[in-house]
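Source file: structure36.txt (compact mmCIF, C-alpha atoms)
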```txt
# COMPACT_ATOMS: atom_id res chain seq x y z
CA MET A 144 -73.00 -3.02 27.19
CA ARG A 145 -72.12 -0.44 24.53
CA LEU A 146 -70.58 1.87 27.16
CA LYS A 147 -68.52 -1.03 28.47
CA MET A 148 -67.20 -1.74 25.01
CA LYS A 149 -66.16 1.89 24.56
CA TRP A 150 -64.44 1.89 27.92
CA ARG A 151 -62.38 -1.12 26.90
CA THR A 152 -61.51 0.20 23.42
CA VAL A 153 -60.29 3.66 24.40
CA PRO A 154 -57.64 2.48 26.86
CA ALA A 155 -56.32 -0.01 24.27
CA ALA A 156 -55.79 2.82 21.77
CA VAL A 157 -54.13 4.96 24.39
CA LEU A 158 -51.85 2.12 25.40
CA SER A 159 -50.93 1.49 21.76
CA LEU A 160 -50.07 5.17 21.22
CA GLY A 161 -48.12 5.20 24.43
CA GLY A 162 -46.08 2.27 23.23
CA VAL A 163 -45.25 4.05 19.97
CA LEU A 164 -44.26 7.23 21.81
CA ALA A 165 -42.11 5.25 24.20
CA ALA A 166 -40.37 3.55 21.28
CA VAL A 167 -39.69 6.89 19.59
CA PHE A 168 -38.57 8.96 22.54
CA SER A 169 -36.91 6.31 24.69
CA PRO A 170 -33.14 6.56 23.93
CA GLY A 171 -32.46 2.97 24.82
CA ALA A 172 -35.32 1.34 22.89
CA PRO A 173 -34.61 -0.09 19.43
CA ALA A 174 -36.60 1.10 16.44
CA ARG A 175 -39.08 -1.20 14.75
CA GLY A 176 -37.25 -3.80 12.68
CA GLN A 177 -33.91 -3.26 14.46
CA SER A 178 -32.19 -5.68 16.81
CA PRO A 179 -31.88 -4.65 20.45
CA ALA A 180 -28.54 -3.27 21.59
CA PRO A 181 -26.17 -5.97 22.84
CA ALA A 182 -25.79 -6.32 26.56
CA ALA A 183 -22.62 -4.91 28.11
CA PRO A 184 -19.95 -7.47 29.04
CA PRO A 185 -19.73 -8.27 32.74
CA GLY A 186 -17.79 -5.64 34.67
CA VAL A 187 -17.98 -3.03 31.88
CA ARG A 188 -19.93 0.20 32.43
CA VAL A 189 -21.70 1.36 29.24
CA SER A 190 -23.96 4.36 28.73
CA ALA A 191 -25.85 5.84 25.78
CA GLY A 192 -24.13 9.18 26.28
CA THR A 193 -25.82 12.54 25.84
CA GLY A 194 -26.99 11.89 22.28
CA GLN A 195 -24.58 14.51 20.89
CA LEU A 196 -21.05 14.22 19.50
CA PRO A 197 -18.34 15.61 21.81
CA ASN A 198 -17.18 19.07 20.75
CA ASP A 199 -14.45 19.83 23.28
CA HIS A 200 -11.93 20.84 20.58
CA GLY A 201 -14.29 22.74 18.27
CA GLN A 202 -14.80 19.81 15.89
CA LEU A 203 -16.73 20.34 12.68
CA TYR A 204 -18.74 17.85 10.66
CA ARG A 205 -18.26 18.00 6.88
CA GLU A 206 -19.43 15.94 3.90
CA TYR A 207 -17.35 16.03 0.72
CA ASP A 208 -18.69 15.02 -2.68
CA ILE A 209 -16.12 12.62 -4.15
CA SER A 210 -18.31 11.19 -6.93
CA PRO A 211 -16.48 13.16 -9.70
CA TYR A 212 -13.46 11.01 -8.87
CA THR A 213 -14.98 7.64 -7.99
CA LEU A 214 -17.29 7.51 -11.03
CA ARG A 215 -14.31 7.67 -13.38
CA VAL A 216 -12.12 5.03 -11.73
CA THR A 217 -12.87 1.58 -13.09
CA SER A 218 -9.65 -0.21 -12.15
CA THR A 219 -10.79 -1.00 -8.59
CA LYS A 220 -14.06 -1.76 -6.80
CA ARG A 221 -13.46 0.76 -3.99
CA PRO A 222 -11.73 3.84 -5.42
CA GLU A 223 -12.76 5.90 -2.39
CA GLN A 224 -10.36 3.88 -0.25
CA ALA A 225 -7.42 5.66 -1.90
CA ILE A 226 -8.72 9.01 -0.61
CA VAL A 227 -9.11 7.63 2.92
CA ASP A 228 -5.62 6.10 2.85
CA TRP A 229 -4.04 9.33 1.63
CA ILE A 230 -5.80 11.35 4.35
CA LEU A 231 -4.58 8.94 7.02
CA HIS A 232 -1.03 9.09 5.67
CA GLU A 233 -1.06 12.88 5.51
CA THR A 234 -2.63 13.57 8.89
CA GLY A 235 -1.30 10.53 10.75
CA TYR A 236 -3.33 7.61 12.09
CA GLU A 237 -3.04 8.87 15.66
CA THR A 238 -4.90 12.06 14.67
CA TRP A 239 -8.09 10.01 14.30
CA HIS A 240 -7.53 7.74 17.30
CA GLY A 241 -6.41 10.13 20.03
CA ASP A 242 -8.07 12.32 22.65
CA VAL A 243 -10.01 14.30 20.01
CA ALA A 244 -13.35 12.69 19.12
CA ALA A 245 -13.16 12.15 15.35
CA MET A 246 -14.78 10.26 12.49
CA LEU A 247 -13.69 9.40 8.94
CA ASN A 248 -15.99 7.48 6.63
CA ALA A 249 -16.30 7.14 2.86
CA THR A 250 -18.82 5.77 0.39
CA PRO A 251 -18.51 5.91 -3.40
CA GLN A 252 -20.38 9.22 -3.31
CA THR A 253 -19.51 10.96 -0.04
CA LEU A 254 -16.59 11.36 2.31
CA ARG A 255 -17.66 12.23 5.87
CA ALA A 256 -15.24 13.73 8.36
CA TYR A 257 -15.63 15.02 11.90
CA HIS A 258 -12.57 16.78 13.26
CA THR A 259 -11.03 20.13 14.19
CA PRO A 260 -10.99 23.00 11.65
CA GLN A 261 -7.23 22.52 11.13
CA THR A 262 -7.64 18.86 10.19
CA GLN A 263 -10.69 19.64 8.05
CA ALA A 264 -8.52 22.05 6.04
CA VAL A 265 -6.06 19.24 5.29
CA VAL A 266 -8.89 16.86 4.37
CA GLY A 267 -10.38 19.44 2.02
CA GLN A 268 -7.04 19.97 0.25
CA ILE A 269 -6.57 16.24 -0.32
CA VAL A 270 -10.13 15.76 -1.58
CA ALA A 271 -9.62 18.68 -3.98
CA ARG A 272 -6.50 17.02 -5.40
CA PHE A 273 -8.45 13.87 -6.16
CA VAL A 274 -11.63 15.51 -7.47
CA ARG A 275 -9.89 18.18 -9.54
CA SER A 276 -8.01 15.67 -11.67
CA GLU A 277 -11.20 13.76 -12.48
CA ALA A 278 -9.29 10.48 -12.21
CA GLU A 279 -7.28 11.04 -15.36
CA GLN A 280 -4.75 8.37 -16.19
CA TYR A 281 -1.09 9.21 -16.48
CA THR A 282 1.76 7.30 -18.05
CA PHE A 283 4.89 6.80 -15.97
CA ALA A 284 8.22 5.30 -16.87
CA LEU A 285 9.04 3.23 -13.80
CA ARG A 286 12.30 1.31 -14.08
CA VAL A 287 13.65 -1.25 -11.63
CA VAL A 288 17.39 -1.46 -12.26
CA THR A 289 20.31 -3.21 -10.56
CA VAL A 290 24.01 -2.49 -10.88
CA GLU A 291 26.32 -4.88 -9.07
CA SER A 292 28.83 -2.20 -8.09
CA PRO A 293 27.80 1.15 -6.58
CA SER A 294 30.78 2.74 -8.35
CA TRP A 295 28.39 3.94 -11.09
CA ARG A 296 28.00 7.13 -9.04
CA ALA A 297 31.53 8.30 -9.81
CA GLY A 298 31.01 8.95 -13.51
CA VAL A 299 27.58 10.65 -13.32
CA ARG A 300 27.79 12.58 -10.05
CA ARG A 301 27.66 15.90 -11.90
CA LEU A 302 24.16 15.03 -13.22
CA LEU A 303 22.61 14.28 -9.82
CA VAL A 304 20.90 16.76 -7.48
CA PRO A 305 20.68 15.10 -4.03
CA VAL A 306 17.42 15.06 -2.08
CA GLN A 307 16.84 13.86 1.46
CA THR A 308 15.59 10.36 2.24
CA GLN A 309 14.48 8.82 5.52
CA ALA A 310 15.07 5.10 4.95
CA ALA A 311 18.39 3.78 6.26
CA GLY A 312 20.93 3.23 3.50
CA ALA A 313 18.76 4.81 0.79
CA GLN A 314 19.67 7.82 -1.37
CA GLY A 315 17.64 10.04 -3.67
CA TRP A 316 18.39 12.42 -6.53
CA LEU A 317 16.57 14.60 -9.06
CA LEU A 318 17.60 14.80 -12.71
CA GLU A 319 16.56 16.83 -15.72
CA ARG A 320 15.15 14.67 -18.51
CA GLU A 321 18.26 15.05 -20.66
CA ALA A 322 20.44 14.15 -17.69
CA ALA A 323 18.32 11.05 -17.01
CA ALA A 324 18.78 9.94 -20.63
CA MET A 325 22.54 10.42 -20.28
CA LEU A 326 22.52 8.45 -17.02
CA LEU A 327 20.72 5.50 -18.61
CA GLY A 328 23.15 5.61 -21.52
CA GLU A 329 26.11 5.43 -19.15
CA LEU A 330 24.60 2.62 -17.09
CA ARG A 331 23.72 0.52 -20.13
CA ARG A 332 27.35 0.45 -21.14
CA ARG A 333 28.20 -1.46 -17.99
CA GLY A 334 28.29 -5.23 -18.01
CA ASP A 335 26.61 -5.44 -14.59
CA TYR A 336 23.55 -3.36 -15.57
CA ARG A 337 20.17 -5.16 -15.52
CA GLU A 338 16.56 -4.00 -15.99
CA HIS A 339 13.90 -6.08 -14.26
CA ASN A 340 10.58 -4.80 -15.61
CA THR A 341 8.85 -3.22 -18.58
CA PRO A 342 9.13 0.52 -17.89
CA ASN A 343 5.87 2.02 -19.24
CA LEU A 344 3.11 1.95 -16.63
CA LEU A 345 -0.43 3.37 -16.97
CA VAL A 346 -1.65 4.61 -13.58
CA SER A 347 -4.98 6.10 -12.51
CA HIS A 348 -4.46 9.30 -10.57
CA GLY A 349 -4.30 8.50 -6.86
CA GLN A 350 -4.61 4.73 -7.32
CA PRO A 351 -1.79 2.27 -6.54
CA ALA A 352 -0.10 0.39 -9.37
CA GLU A 353 2.02 -2.68 -8.73
CA VAL A 354 4.95 -4.15 -10.59
CA SER A 355 5.94 -7.57 -9.32
CA ALA A 356 7.89 -10.63 -10.33
CA ARG A 357 7.67 -13.59 -7.98
CA ARG A 358 7.94 -17.33 -8.10
CA GLY A 359 7.52 -20.14 -5.60
CA ARG A 360 10.47 -22.24 -4.51
CA ASN A 361 9.76 -25.72 -3.16
CA TYR A 362 11.70 -27.30 -0.31
CA LEU A 363 11.35 -30.18 2.17
CA SER A 364 10.12 -28.64 5.39
CA ASP A 365 9.32 -31.63 7.62
CA VAL A 366 8.55 -35.35 7.85
CA VAL A 367 5.61 -37.22 9.38
CA LEU A 368 5.95 -40.75 10.73
CA ARG A 369 3.76 -43.21 8.77
CA PRO A 370 4.46 -46.79 9.91
CA GLU A 371 1.92 -48.21 7.45
CA ILE A 372 3.89 -47.04 4.40
CA TRP A 373 7.44 -47.55 3.26
CA PRO A 374 9.97 -46.29 4.37
CA GLY A 375 7.97 -45.47 7.52
CA PHE A 376 7.67 -41.71 7.06
CA GLU A 377 6.22 -39.19 4.65
CA PRO A 378 8.10 -36.03 3.62
CA ARG A 379 6.25 -32.73 3.71
CA SER A 380 7.04 -29.95 1.28
CA ALA A 381 6.43 -26.21 1.50
CA VAL A 382 6.72 -23.24 -0.82
CA VAL A 383 8.42 -19.91 -0.17
CA ASP A 384 7.95 -16.97 -2.54
CA GLU A 385 10.95 -15.03 -3.74
CA GLY A 386 11.22 -12.04 -6.01
CA PHE A 387 10.13 -8.42 -5.74
CA ALA A 388 6.96 -6.35 -5.54
CA LEU A 389 6.90 -2.60 -6.14
CA GLU A 390 3.81 -0.47 -5.40
CA PHE A 391 3.63 3.04 -6.83
CA THR A 392 0.85 5.52 -5.91
CA PRO A 393 1.11 9.00 -7.53
CA LEU A 394 -0.95 12.09 -6.72
CA LEU A 395 -0.55 15.46 -8.42
CA THR A 396 -0.57 18.70 -6.46
CA LEU A 397 -3.39 21.22 -6.95
CA ASP A 398 -1.33 23.37 -9.33
CA GLY A 399 -0.38 20.31 -11.40
CA ARG A 400 3.32 21.20 -11.32
CA SER A 401 4.53 18.55 -8.88
CA ILE A 402 4.04 14.86 -8.21
CA GLU A 403 3.69 13.36 -4.77
CA ALA A 404 4.13 9.61 -4.84
CA GLU A 405 4.24 6.84 -2.30
CA ILE A 406 6.72 4.08 -3.14
CA LYS A 407 6.74 0.68 -1.46
CA CYS A 408 9.26 -1.99 -2.37
CA GLN A 409 9.51 -5.52 -1.00
CA ILE A 410 12.25 -7.99 -1.90
CA ASP A 411 12.42 -11.60 -0.67
CA GLN A 412 15.39 -13.74 -1.57
CA VAL A 413 16.26 -17.33 -0.67
CA GLU A 414 20.00 -17.23 -0.14
CA LYS A 415 20.25 -20.96 0.36
CA LEU A 416 18.46 -23.97 1.81
CA VAL A 417 20.19 -25.11 4.99
CA PRO A 418 20.08 -28.94 5.32
CA VAL A 419 19.09 -30.56 8.62
CA MET A 420 19.31 -34.33 9.29
CA LEU A 421 16.49 -35.88 11.32
CA ASP A 422 16.23 -39.30 12.94
CA VAL A 423 13.18 -41.24 11.72
CA PRO A 424 13.59 -44.69 13.28
CA THR A 425 11.28 -47.53 12.26
CA PRO A 426 11.13 -51.16 13.39
CA ALA A 427 12.76 -52.21 10.13
CA ALA A 428 15.38 -49.42 10.18
CA PRO A 429 16.00 -48.14 13.74
CA ARG A 430 18.91 -45.91 12.63
CA GLN A 431 17.18 -44.37 9.64
CA ARG A 432 17.76 -40.66 8.94
CA THR A 433 16.44 -38.21 6.38
CA LYS A 434 17.10 -34.62 5.36
CA ILE A 435 14.87 -31.56 5.61
CA GLU A 436 15.64 -27.98 4.56
CA VAL A 437 15.34 -24.60 6.29
CA PRO A 438 15.32 -21.49 4.03
CA GLN A 439 17.90 -18.83 4.75
CA MET A 440 16.06 -15.64 3.75
CA THR A 441 17.02 -12.07 3.00
CA GLN A 442 14.26 -9.46 3.05
CA VAL A 443 14.24 -5.79 2.07
CA ARG A 444 11.39 -3.40 2.94
CA PHE A 445 11.23 0.18 1.64
CA HIS A 446 8.35 2.63 2.18
CA GLU A 447 8.70 6.35 1.55
CA ARG A 448 6.88 9.29 0.01
CA PHE A 449 8.49 11.80 -2.36
CA ARG A 450 7.45 15.07 -3.99
CA TRP A 451 9.26 16.42 -7.04
CA PRO A 452 8.61 18.66 -10.10
CA ILE A 453 6.60 16.95 -12.79
CA ASP A 454 9.17 17.71 -15.51
CA GLN A 455 12.05 16.07 -13.66
CA VAL A 456 13.06 12.47 -13.02
CA LEU A 457 13.31 10.91 -9.57
CA LEU A 458 16.15 8.45 -8.93
CA VAL A 459 16.19 6.39 -5.73
CA SER A 460 18.86 3.94 -4.62
CA LEU A 461 17.95 1.37 -1.96
CA GLY A 462 21.64 0.58 -1.47
CA VAL A 463 23.40 -2.72 -2.03
CA VAL A 464 20.62 -5.18 -1.25
CA ALA A 465 19.41 -8.61 -2.26
CA MET A 466 18.85 -9.15 -5.95
CA PRO A 467 15.15 -8.70 -6.84
CA VAL A 468 15.29 -11.95 -8.84
CA PRO A 469 16.16 -15.56 -7.94
CA SER A 470 19.82 -16.22 -7.32
CA ASP A 471 19.94 -18.99 -9.94
CA GLY A 472 19.72 -16.36 -12.67
CA LYS A 473 16.38 -17.48 -14.14
CA SER A 474 14.02 -14.79 -15.33
CA LEU A 475 10.79 -14.11 -13.45
CA ILE A 476 9.21 -12.14 -16.30
CA PRO A 477 8.22 -14.13 -19.39
CA GLY A 478 9.66 -12.71 -22.58
CA ILE A 479 12.40 -10.67 -20.86
CA ALA A 480 15.83 -12.24 -20.89
CA LEU A 481 17.78 -11.64 -17.70
CA PRO A 482 21.22 -13.26 -17.96
CA LEU A 483 21.81 -12.87 -14.24
CA PRO A 484 24.91 -14.34 -12.64
CA THR A 485 24.63 -16.80 -9.77
CA SER A 486 27.12 -14.79 -7.71
CA PRO A 487 27.17 -12.26 -6.20
CA ALA A 488 23.55 -12.18 -5.05
CA ARG A 489 23.76 -8.50 -4.10
CA ALA A 490 23.47 -5.34 -6.19
CA ASP A 491 22.72 -1.62 -5.98
CA LEU A 492 18.95 -1.41 -6.60
CA LEU A 493 17.82 1.73 -8.46
CA LEU A 494 14.31 3.06 -9.10
CA LEU A 495 13.82 5.66 -11.84
CA VAL A 496 10.43 7.41 -12.02
CA GLU A 497 9.44 9.75 -14.86
CA CYS A 498 6.01 11.16 -15.67
CA ARG A 499 5.23 10.93 -19.39
CA GLY A 500 2.00 12.96 -19.16
CA LYS A 501 -1.67 12.10 -19.52
CA ALA A 502 -2.62 8.92 -21.31
CA GLY A 503 -3.25 9.47 -25.01
CA GLN A 504 -1.31 12.74 -25.16
CA ALA A 505 2.13 13.47 -26.48
CA PRO A 506 5.00 12.90 -24.02
CA MET A 507 5.93 15.87 -21.87
CA VAL A 508 8.80 18.05 -23.03
CA THR A 509 11.61 19.29 -20.86
CA GLY A 510 11.05 22.64 -19.19
CA THR A 511 12.35 24.72 -16.36
CA ALA A 512 11.72 23.13 -13.00
CA PRO A 513 9.44 25.14 -10.70
CA GLN A 514 10.98 26.52 -7.56
CA GLY A 515 10.40 24.65 -4.32
CA GLY A 516 8.66 21.38 -3.63
CA THR A 517 11.71 19.24 -4.41
CA ALA A 518 12.28 17.86 -0.93
CA PRO A 519 10.98 14.34 -0.36
CA VAL A 520 8.35 13.79 2.29
CA ASN A 521 8.19 10.75 4.54
CA ARG A 522 5.13 9.72 6.51
```
Just give me the structure as structure tokens.
Amino acid sequence: MRLKMKWRTVPAAVLSLGGVLAAVFSPGAPARGQSPAPAAPPGVRVSAGTGQLPNDHGQLYREYDISPYTLRVTSTKRPEQAIVDWILHETGYETWHGDVAAMLNATPQTLRAYHTPQTQAVVGQIVARFVRSEAEQYTFALRVVTVESPSWRAGVRRLLVPVQTQAAGAQGWLLEREAAAMLLGELRRRGDYREHNTPNLLVSHGQPAEVSARRGRNYLSDVVLRPEIWPGFEPRSAVVDEGFALEFTPLLTLDGRSIEAEIKCQIDQVEKLVPVMLDVPTPAAPRQRTKIEVPQMTQVRFHERFRWPIDQVLLVSLGVVAMPVPSDGKSLIPGIALPLPTSPARADLLLLVECRGKAGQAPMVTGTAPQGGTAPVNR
């Protein structure tokens, strides 16, 4: 009886060990506590692969410590996302979704990348630009200005150094600080000059900052037949937002002598509400009609990246576009009076960007611009 008990116990232990070994070494078996892999959809062939990452193009796996940057950024919950976005913009989205097996992942402590040595070199340079600055905050003077007539160029052309832009209808210039002050002085003498925001903006290095002024405009969008109520229908209203939103994301170069910034601008303007008459017959009023409205919209979208010396001022014109404020002339920004005319609803939109230096330090003084690096970059 004792021998029989031993004979039964030993195989049970062996079977138990065999099950553990099968779970560990079987590539398709899930680990303890994990859900099994989902079944492949019908008609789709799926395999577990070889268990190794493809290396047909000499890819390298690297982990970058980004905690010196993320620990100091408190303005957003996911500061590491700015590093990922900048890498994607610099290398191109297709670089990570093409025929080269690649990976890009970030946590608040570590950025993981798997790509060719050439792409890893670009990733390393971008990470160094973020980590080196230690997320210091900089003060920028960012002005959103409109001038109804583009003739302002004639009197100040000698102050402007043209730079290339990619957006259709846009123009860009660089100015010395003294020249920028002279330009603002000349523009402020004009009766059609308007400023649409408070200029001083505190920005964390590499993080986007937004300046916006929007309001909702109500209009009658539709009607619904309701025989149980008078007059037999119910009007439906909707809201359309109009105004402007400007997103500014600066990043200093490794030598600290130039600024590379991504600028996005979005303008939505309701030109007018087009009336439409609808028939809403009821038993009491078979010829009844009512009016609804359809917004006639004008939209402007601008997205470009520039690089310029830190001691110079960038001036960008989006061309004669829709006013970044409502056409009725009411201000979108409390406390800032904007005596805007009702007509015309178009103006030359100007963006002036000037770095004032690190937060808490004295404003930067004018110096000699470094050679090179003045051409704008578009991605």
Could you give me, as a tab-separated table, a per-residue list for range 321-432 of chain A showing, wherever an atom lies at most 12 Å from an atom of range 262-269 of chain A, the closest pair of atoms and their distance in Å to one decimal, using only C-alpha atoms and sorting by chain then residue number from low to high?
```
residue	atom	partner	partner_atom	distance
A:Gly349	CA	A:Ile269	CA	10.4
A:Leu394	CA	A:Ile269	CA	9.5
A:Leu395	CA	A:Ile269	CA	10.1
A:Thr396	CA	A:Ile269	CA	8.9
A:Leu397	CA	A:Gln268	CA	8.2
A:Asp398	CA	A:Gln268	CA	11.7
A:Glu403	CA	A:Ile269	CA	11.5
```
Would you export the selected residues with C-alpha atoms as a compact mmCIF listing (two decimals), in the coordinates of the input, please?
```
# COMPACT_ATOMS: atom_id res chain seq x y z
CA GLY A 349 -4.30 8.50 -6.86
CA LEU A 394 -0.95 12.09 -6.72
CA LEU A 395 -0.55 15.46 -8.42
CA THR A 396 -0.57 18.70 -6.46
CA LEU A 397 -3.39 21.22 -6.95
CA ASP A 398 -1.33 23.37 -9.33
CA GLU A 403 3.69 13.36 -4.77
```
Take CA of Asp454 in chain A and CA of Cys498 in chain A and report the distance between them in Å, one decimal.
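For CA of Asp454 in chain A relative to CA of Cys498 in chain A, the distance reads 7.3 Å.
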Distance query Glu436 in chain A at most 6 Å, all atoms listed in the file, self and fewer than 5 positions along chain excluded, as a PyMOL selection string
chain A and resi 363-364+416-419
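Counting only C-alpha atoms, Pro222 in chain A has the following residues at most 8 Å away, ignoring those fewer than 2 positions along the same chain: Thr213, Val216, Thr219, Lys220, Gln224, Ala225, Ile226, Pro251 and Gln350 of chain A.
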Please dump the current selection as a CSV table (one decimal), in the coordinates of the input; keep C-alpha atoms.
```
chain,number,residue,atom,x,y,z
A,213,THR,CA,-15.0,7.6,-8.0
A,216,VAL,CA,-12.1,5.0,-11.7
A,219,THR,CA,-10.8,-1.0,-8.6
A,220,LYS,CA,-14.1,-1.8,-6.8
A,224,GLN,CA,-10.4,3.9,-0.2
A,225,ALA,CA,-7.4,5.7,-1.9
A,226,ILE,CA,-8.7,9.0,-0.6
A,251,PRO,CA,-18.5,5.9,-3.4
A,350,GLN,CA,-4.6,4.7,-7.3
```
Pick out the residues sitting within 9 Å of Val423 in chain A, and hand them over as an MDAnalysis selection string; count all atoms listed in the file, and ignore anything fewer than 3 positions along from it in its own chain.
chainID A and resid 366:368 375:376 428:433
Report, in Å to a single decimal, how far apart CA of Ala324 in chain A and CA of Ala465 in chain A are.
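Distance reported for this atom pair: 26.1 Å.
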What's the 7 Å shell around range 187-204 of chain A, counting all atoms listed in the file, without same-chain residues fewer than 4 positions away, as an MDAnalysis selection string?
chainID A and resid 183 243:244 256:260
I need every residue sitting at most 6 Å from the point (9.8, -15.1, -8.9) (coordinates as in the file, all atoms listed in the file considered), written as a ChimeraX atom specification.
/A:356-358,385-386,475
Could you give me, as a PyMOL selection string, the residues within 10 Å of Phe283 in chain A, counting only C-alpha atoms and dropping anything in the same chain fewer than 2 positions from it?
chain A and resi 280-281+285-286+342-346+391+393+495-502
When you count all atoms listed in the file, which of these residues is closest to Arg448 in chain A: A:Thr282, A:Asn248, A:Gln307, A:Ser218?
A:Gln307
At a cut-off of 12 Å from (22.6, -2.4, -18.5) in the coordinates of the file, what residues are picked up using all atoms listed in the file, written as a PDB file with C-alpha atoms, in the coordinates of the input?
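Once everything was written out, this is selection37.pdb:
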```
ATOM      1  CA  ARG A 286      12.300   1.310 -14.080  1.00  0.00           C
ATOM      2  CA  VAL A 287      13.650  -1.250 -11.630  1.00  0.00           C
ATOM      3  CA  VAL A 288      17.390  -1.460 -12.260  1.00  0.00           C
ATOM      4  CA  THR A 289      20.310  -3.210 -10.560  1.00  0.00           C
ATOM      5  CA  VAL A 290      24.010  -2.490 -10.880  1.00  0.00           C
ATOM      6  CA  GLU A 291      26.320  -4.880  -9.070  1.00  0.00           C
ATOM      7  CA  TRP A 295      28.390   3.940 -11.090  1.00  0.00           C
ATOM      8  CA  LEU A 326      22.520   8.450 -17.020  1.00  0.00           C
ATOM      9  CA  LEU A 327      20.720   5.500 -18.610  1.00  0.00           C
ATOM     10  CA  GLY A 328      23.150   5.610 -21.520  1.00  0.00           C
ATOM     11  CA  GLU A 329      26.110   5.430 -19.150  1.00  0.00           C
ATOM     12  CA  LEU A 330      24.600   2.620 -17.090  1.00  0.00           C
ATOM     13  CA  ARG A 331      23.720   0.520 -20.130  1.00  0.00           C
ATOM     14  CA  ARG A 332      27.350   0.450 -21.140  1.00  0.00           C
ATOM     15  CA  ARG A 333      28.200  -1.460 -17.990  1.00  0.00           C
ATOM     16  CA  GLY A 334      28.290  -5.230 -18.010  1.00  0.00           C
ATOM     17  CA  ASP A 335      26.610  -5.440 -14.590  1.00  0.00           C
ATOM     18  CA  TYR A 336      23.550  -3.360 -15.570  1.00  0.00           C
ATOM     19  CA  ARG A 337      20.170  -5.160 -15.520  1.00  0.00           C
ATOM     20  CA  GLU A 338      16.560  -4.000 -15.990  1.00  0.00           C
ATOM     21  CA  HIS A 339      13.900  -6.080 -14.260  1.00  0.00           C
ATOM     22  CA  LEU A 481      17.780 -11.640 -17.700  1.00  0.00           C
ATOM     23  CA  PRO A 482      21.220 -13.260 -17.960  1.00  0.00           C
ATOM     24  CA  LEU A 483      21.810 -12.870 -14.240  1.00  0.00           C
ATOM     25  CA  LEU A 493      17.820   1.730  -8.460  1.00  0.00           C
TER      26      LEU A 493
END
```
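The spacing separating CA of Ile406 in chain A from CA of Thr250 in chain A amounts to 25.8 Å.
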Compare A:Cys408, A:Leu458, A:Val468, A:Ala381 by their minimum atom-to-atom distance to Leu317 in chain A, counting all atoms listed in the file, and give me the closest one.
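When distances to Leu317 in chain A are compared using all atoms listed in the file, the smallest one comes from A:Leu458.
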Which residue is closest to Ser380 in chain A? Choose from A:Lys434, A:Glu223, A:Thr425, A:Leu457 and count only C-alpha atoms.
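Among A:Lys434, A:Glu223, A:Thr425, A:Leu457, it is A:Lys434 that comes nearest to Ser380 in chain A.
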Incomplete range 279-291 of chain A filled out to N, CA and C atoms as an mmCIF file, in the coordinates of the input:
```
data_model
loop_
_atom_site.group_PDB
_atom_site.id
_atom_site.type_symbol
_atom_site.label_atom_id
_atom_site.label_comp_id
_atom_site.auth_asym_id
_atom_site.auth_seq_id
_atom_site.Cartn_x
_atom_site.Cartn_y
_atom_site.Cartn_z
ATOM 1 N N GLU A 279 -7.966 11.237 -14.087
ATOM 2 C CA GLU A 279 -7.280 11.040 -15.360
ATOM 3 C C GLU A 279 -6.125 10.078 -15.174
ATOM 4 N N GLN A 280 -5.845 9.322 -16.223
ATOM 5 C CA GLN A 280 -4.750 8.370 -16.190
ATOM 6 C C GLN A 280 -3.486 9.011 -16.735
ATOM 7 N N TYR A 281 -2.385 8.705 -16.087
ATOM 8 C CA TYR A 281 -1.090 9.210 -16.480
ATOM 9 C C TYR A 281 -0.167 8.045 -16.817
ATOM 10 N N THR A 282 0.766 8.294 -17.691
ATOM 11 C CA THR A 282 1.760 7.300 -18.050
ATOM 12 C C THR A 282 3.070 7.636 -17.349
ATOM 13 N N PHE A 283 3.630 6.639 -16.663
ATOM 14 C CA PHE A 283 4.890 6.800 -15.970
ATOM 15 C C PHE A 283 5.897 5.783 -16.497
ATOM 16 N N ALA A 284 7.123 6.219 -16.608
ATOM 17 C CA ALA A 284 8.220 5.300 -16.870
ATOM 18 C C ALA A 284 8.820 4.929 -15.523
ATOM 19 N N LEU A 285 8.585 3.707 -15.105
ATOM 20 C CA LEU A 285 9.040 3.230 -13.800
ATOM 21 C C LEU A 285 10.002 2.073 -14.044
ATOM 22 N N ARG A 286 11.262 2.310 -13.801
ATOM 23 C CA ARG A 286 12.300 1.310 -14.080
ATOM 24 C C ARG A 286 12.864 0.763 -12.773
ATOM 25 N N VAL A 287 12.975 -0.554 -12.716
ATOM 26 C CA VAL A 287 13.650 -1.250 -11.630
ATOM 27 C C VAL A 287 14.967 -1.765 -12.182
ATOM 28 N N VAL A 288 16.073 -1.224 -11.685
ATOM 29 C CA VAL A 288 17.390 -1.460 -12.260
ATOM 30 C C VAL A 288 18.337 -1.919 -11.157
ATOM 31 N N THR A 289 19.247 -2.835 -11.488
ATOM 32 C CA THR A 289 20.310 -3.210 -10.560
ATOM 33 C C THR A 289 21.652 -3.055 -11.249
ATOM 34 N N VAL A 290 22.621 -2.587 -10.462
ATOM 35 C CA VAL A 290 24.010 -2.490 -10.880
ATOM 36 C C VAL A 290 24.829 -3.130 -9.761
ATOM 37 N N GLU A 291 25.632 -4.117 -10.108
ATOM 38 C CA GLU A 291 26.320 -4.880 -9.070
ATOM 39 C C GLU A 291 27.236 -4.008 -8.220
#
```
